[in-house]
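See structure below.
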Amino acid sequence: MNGFINIYKPSGMTSTAVVRSIKKKFNLKKVGHLGTLDPLACGVLGIAVGKATKMFDYFLEKKKTYRAIFSFGYETNTLDSTGEVVNKTKSIPSYHDVERAIISFIGKNNQIPPNFSAKHVDGVRAYDLARAGEQFELKPKEIEIYKFILLAQINNTDFECEIECSSGTYIRSIGRDLAYKLGSLATMVFLERTENGLFKLENARNFNDILSSDKLILTPINDLFGLFDNYVLDKEQYNHVINGRKVTIEKPFEKPTFLVFEDKILGVAKENVNYLRLKTNLI
């Protein structure tokens with residue numbers, strides 16, 4: 001079996017646990033997720049099966065869209081509602097304050113990840129150091145926010161937002177930084193991923209429904225045609241590619257490119273200035 005599953009992950013469950021459950025239920029050998037969701041978060045989680053697991057690296061740079069709720073007035077050590085409250089404030093911004101402030105976040109920014117994150121510090125996960133009470137600093141990382149919209153003010157302290165951002169962006173950190181900009185404190189209390197490349201909320205399947213089914217329905221790898229560039233090989237080029245030889249091209253590609261022969265994906269190209277060869281074999 002080769003292909004993808006677009007799962008709606010429930011809150012309170014790790015992405016690894018979702019993969020483990022699917023693997024056990026359908027007796028699969030190769031299964032992996034395409035972009036972790038924290039246990040608190042719900043929403044779309046792409047699962048790859050069989051040869052589709054080779055596509056992991058090509059999903060790392062995909063845009064992601066989230067719906068988040070930030071609660072102002074306090075901050076936890078994890079920057080979300082699963083942590084312990086470490087600071088409080090009576091300074092709560094207004095709807096218009098938040099609406100104006102989020103504009104400055106659109107574009108490229110240097111973001112400091114949360115201490116409770118999977119980042120490595122001298123070979124150790126940051127969350128392990130944080131749980132042990134160790135003092136450390138994480139280096140800022142450049143991220144990009146493409147869209148940041150204030151959807152609603154739910155009550156006096158809670159604000160719902162929609163954020164479209166680059167891979168590697170921590171929504172918890174956005175809440176922290178937004179609050180600091182407004183002279184306040186905030187904690188993320190809800191997070192839903194609504195889009196991750198090919199995987200969108202409208203075609204996600206409920207995790208429990210999948211587990212209760214007797215048959216696993218996969219989205220074929222060919223459905224990624226529109227997500228990447230495609231280079232159609234003729235018969236001579238096809239023979240070169242499957243035998244590990246390079247094929248001359250006129251100009252390099254701007255993004256990952258499928259090598260296609262007779263409407264079937266052979267794999268992803270490894271290209272140079274004037275030639276390509278098969279990098280990721282999906283045959």
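Just so we're on the same page: first chain in the structure tokens is A, next is B, and so on; residues restart at 1 for each chain, and ligands are numbered from 1 in the order they show up.
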If we count only C-alpha atoms, what is near range 149-158 of chain A at a cut-off of 12 Å, once residues fewer than 5 positions away on the same chain are taken out, given as a ChimeraX atom specification?
/A:65-74,89-106,163-165,175,178-179,184-190
If we count only C-alpha atoms and set the cut-off at 7 Å, which residues sit around Ile112 in chain A, ignoring sequence neighbours fewer than 5 positions away in its own chain? Please answer as a list in words.
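Counting only the stated atoms, we get Leu138, Lys139, Pro140 and Lys141 of chain A.
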Residues near Phe116 in chain A, anyone? I mean within 8 Å using only C-alpha atoms, not counting same-chain ones fewer than 4 positions away, as a short mmCIF file (atom, residue, chain, number, x, y, z; two decimals) with N, CA and C atoms, in the first residue's frame.
```
data_model
loop_
_atom_site.label_atom_id
_atom_site.label_comp_id
_atom_site.auth_asym_id
_atom_site.auth_seq_id
_atom_site.Cartn_x
_atom_site.Cartn_y
_atom_site.Cartn_z
N ASN A 77 4.60 28.33 31.47
CA ASN A 77 5.97 27.96 31.09
C ASN A 77 6.05 27.27 29.73
N THR A 78 4.93 26.72 29.26
CA THR A 78 4.91 26.07 27.95
C THR A 78 4.32 26.98 26.87
N ALA A 126 14.92 20.37 23.90
CA ALA A 126 14.70 21.53 24.77
C ALA A 126 13.67 21.23 25.86
N TYR A 127 12.60 20.48 25.50
CA TYR A 127 11.57 20.22 26.51
C TYR A 127 12.10 19.35 27.65
N ASP A 128 13.10 18.48 27.38
CA ASP A 128 13.68 17.68 28.45
C ASP A 128 14.48 18.56 29.41
N ALA A 130 13.92 21.79 29.86
CA ALA A 130 12.96 22.65 30.54
C ALA A 130 12.29 21.91 31.70
N ARG A 131 11.93 20.65 31.47
CA ARG A 131 11.29 19.87 32.53
C ARG A 131 12.23 19.62 33.70
#
```
Selected residue of minimal separation from Leu34 in chain A among A:Asn239, A:Thr248, A:Ser15, A:Ser117, counting only C-alpha atoms:
A:Ser15
For the atom pair CA of Gly12 in chain A and CA of Asp122 in chain A, what is the interatomic distance in Å to one decimal place?
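Between CA of Gly12 in chain A and CA of Asp122 in chain A the gap works out to 29.1 Å.
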Can you pull out the residues contacting Lys264 in chain A? Cut-off 9 Å, using only C-alpha atoms, and skip same-chain residues under 4 positions away; I want them as an MDAnalysis selection string.
chainID A and resid 222 259:260 283
Range 99-209 of chain A: residues DSSP assigns to alpha helix (DSSP H), reported as a list in words:
Glu99, Arg100, Ala101, Ala126, Tyr127, Asp128, Leu129, Ala130, Arg131, Ile171, Arg172, Ser173, Ile174, Gly175, Arg176, Asp177, Leu178, Ala179, Tyr180, Lys181, Phe207, Asn208 and Asp209 of chain A
Could those residues be written to a file, using N, CA and C atoms, as a PDB file, in the first residue's frame?
```pdb
ATOM      1  N   GLU A  99      -5.857  44.117  16.743  1.00  0.00           N
ATOM      2  CA  GLU A  99      -6.010  44.232  15.288  1.00  0.00           C
ATOM      3  C   GLU A  99      -4.887  45.052  14.672  1.00  0.00           C
ATOM      4  N   ARG A 100      -4.504  46.121  15.348  1.00  0.00           N
ATOM      5  CA  ARG A 100      -3.415  46.960  14.828  1.00  0.00           C
ATOM      6  C   ARG A 100      -2.057  46.277  14.977  1.00  0.00           C
ATOM      7  N   ALA A 101      -1.853  45.598  16.099  1.00  0.00           N
ATOM      8  CA  ALA A 101      -0.544  45.012  16.401  1.00  0.00           C
ATOM      9  C   ALA A 101      -0.179  43.864  15.470  1.00  0.00           C
ATOM     10  N   ALA A 126      14.919  20.371  23.901  1.00  0.00           N
ATOM     11  CA  ALA A 126      14.702  21.533  24.768  1.00  0.00           C
ATOM     12  C   ALA A 126      13.669  21.234  25.857  1.00  0.00           C
ATOM     13  N   TYR A 127      12.603  20.481  25.498  1.00  0.00           N
ATOM     14  CA  TYR A 127      11.572  20.218  26.506  1.00  0.00           C
ATOM     15  C   TYR A 127      12.100  19.350  27.647  1.00  0.00           C
ATOM     16  N   ASP A 128      13.098  18.485  27.378  1.00  0.00           N
ATOM     17  CA  ASP A 128      13.683  17.681  28.450  1.00  0.00           C
ATOM     18  C   ASP A 128      14.481  18.564  29.415  1.00  0.00           C
ATOM     19  N   LEU A 129      15.200  19.526  28.849  1.00  0.00           N
ATOM     20  CA  LEU A 129      15.955  20.466  29.689  1.00  0.00           C
ATOM     21  C   LEU A 129      15.009  21.342  30.502  1.00  0.00           C
ATOM     22  N   ALA A 130      13.920  21.788  29.860  1.00  0.00           N
ATOM     23  CA  ALA A 130      12.960  22.649  30.543  1.00  0.00           C
ATOM     24  C   ALA A 130      12.287  21.912  31.702  1.00  0.00           C
ATOM     25  N   ARG A 131      11.934  20.654  31.475  1.00  0.00           N
ATOM     26  CA  ARG A 131      11.291  19.873  32.532  1.00  0.00           C
ATOM     27  C   ARG A 131      12.229  19.624  33.703  1.00  0.00           C
ATOM     28  N   ILE A 171       3.203  28.739  16.804  1.00  0.00           N
ATOM     29  CA  ILE A 171       2.059  29.619  17.046  1.00  0.00           C
ATOM     30  C   ILE A 171       2.063  30.095  18.496  1.00  0.00           C
ATOM     31  N   ARG A 172       2.511  29.243  19.399  1.00  0.00           N
ATOM     32  CA  ARG A 172       2.624  29.640  20.815  1.00  0.00           C
ATOM     33  C   ARG A 172       3.521  30.871  20.980  1.00  0.00           C
ATOM     34  N   SER A 173       4.623  30.885  20.214  1.00  0.00           N
ATOM     35  CA  SER A 173       5.553  32.008  20.289  1.00  0.00           C
ATOM     36  C   SER A 173       4.951  33.274  19.703  1.00  0.00           C
ATOM     37  N   ILE A 174       4.096  33.111  18.690  1.00  0.00           N
ATOM     38  CA  ILE A 174       3.412  34.280  18.130  1.00  0.00           C
ATOM     39  C   ILE A 174       2.522  34.921  19.196  1.00  0.00           C
ATOM     40  N   GLY A 175       1.791  34.090  19.940  1.00  0.00           N
ATOM     41  CA  GLY A 175       0.961  34.608  21.022  1.00  0.00           C
ATOM     42  C   GLY A 175       1.782  35.335  22.068  1.00  0.00           C
ATOM     43  N   ARG A 176       2.900  34.755  22.443  1.00  0.00           N
ATOM     44  CA  ARG A 176       3.811  35.394  23.422  1.00  0.00           C
ATOM     45  C   ARG A 176       4.286  36.748  22.924  1.00  0.00           C
ATOM     46  N   ASP A 177       4.780  36.773  21.672  1.00  0.00           N
ATOM     47  CA  ASP A 177       5.360  37.999  21.131  1.00  0.00           C
ATOM     48  C   ASP A 177       4.307  39.070  20.882  1.00  0.00           C
ATOM     49  N   LEU A 178       3.112  38.651  20.478  1.00  0.00           N
ATOM     50  CA  LEU A 178       2.023  39.602  20.292  1.00  0.00           C
ATOM     51  C   LEU A 178       1.675  40.277  21.617  1.00  0.00           C
ATOM     52  N   ALA A 179       1.606  39.485  22.671  1.00  0.00           N
ATOM     53  CA  ALA A 179       1.289  40.036  23.991  1.00  0.00           C
ATOM     54  C   ALA A 179       2.381  40.995  24.465  1.00  0.00           C
ATOM     55  N   TYR A 180       3.637  40.608  24.297  1.00  0.00           N
ATOM     56  CA  TYR A 180       4.736  41.495  24.709  1.00  0.00           C
ATOM     57  C   TYR A 180       4.664  42.829  23.973  1.00  0.00           C
ATOM     58  N   LYS A 181       4.332  42.790  22.708  1.00  0.00           N
ATOM     59  CA  LYS A 181       4.226  44.013  21.914  1.00  0.00           C
ATOM     60  C   LYS A 181       3.125  44.928  22.460  1.00  0.00           C
ATOM     61  N   PHE A 207     -10.255  10.682  12.878  1.00  0.00           N
ATOM     62  CA  PHE A 207      -9.341   9.612  13.289  1.00  0.00           C
ATOM     63  C   PHE A 207     -10.096   8.369  13.762  1.00  0.00           C
ATOM     64  N   ASN A 208     -11.110   8.551  14.593  1.00  0.00           N
ATOM     65  CA  ASN A 208     -11.863   7.404  15.116  1.00  0.00           C
ATOM     66  C   ASN A 208     -12.638   6.677  14.021  1.00  0.00           C
ATOM     67  N   ASP A 209     -13.118   7.423  13.021  1.00  0.00           N
ATOM     68  CA  ASP A 209     -13.826   6.799  11.903  1.00  0.00           C
ATOM     69  C   ASP A 209     -12.892   5.888  11.105  1.00  0.00           C
TER      70      ASP A 209
END
```
When distances are computed from only C-alpha atoms, which of A:Phe228, A:Phe261, A:Tyr170, A:Phe26 shows the smallest separation from Phe59 in chain A?
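Comparing A:Phe228, A:Phe261, A:Tyr170, A:Phe26 against Phe59 in chain A, the winner is A:Phe228.
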Considering only C-alpha atoms, can you say which of A:Tyr238, A:Phe148, A:Phe199, A:Tyr231 comes closest to Gly107 in chain A?
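Nearest candidate to Gly107 in chain A out of A:Tyr238, A:Phe148, A:Phe199, A:Tyr231: A:Phe148.
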Could you go through range 155-265 of chain A and tell me which residues DSSP, when run on the backbone, assigns to strand (DSSP E or B), listing them as a PyMOL selection string?
chain A and resi 158-165+186-196+199-200+205-206+219+229-232+247-248+257-261+264-265
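Using only C-alpha atoms, the contacts of Ala204 in chain A at a cut-off of 7 Å, with sequence neighbours closer than 3 positions omitted, comprise Asn6, Ile7, Tyr8, Val44, Lys200 and Leu201 of chain A.
Picture a line from CA of Lys270 in chain A to CA of Arg245 in chain A; it runs 11.3 Å.
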Nearby residues (only C-alpha atoms) at most 7 Å from Thr76 in chain A, same-chain spacing under 2 positions excluded, as a VMD selection string
chain A and resid 74 78 to 80 83 to 87 187
Residue selection dump (C-alpha atoms) as a PDB file, in the first residue's frame:
```pdb
ATOM      1  CA  TYR A  74      -1.228  35.301  32.038  1.00  0.00           C
ATOM      2  CA  THR A  78       4.905  26.068  27.949  1.00  0.00           C
ATOM      3  CA  LEU A  79       3.117  29.095  26.397  1.00  0.00           C
ATOM      4  CA  ASP A  80      -0.042  26.983  26.123  1.00  0.00           C
ATOM      5  CA  GLY A  83       1.695  24.402  31.337  1.00  0.00           C
ATOM      6  CA  GLU A  84       1.995  26.045  34.743  1.00  0.00           C
ATOM      7  CA  VAL A  85       1.193  29.735  35.149  1.00  0.00           C
ATOM      8  CA  VAL A  86       4.436  31.662  35.711  1.00  0.00           C
ATOM      9  CA  ASN A  87       3.309  35.289  35.247  1.00  0.00           C
ATOM     10  CA  THR A 187      -1.139  31.908  26.484  1.00  0.00           C
TER      11      THR A 187
END
```
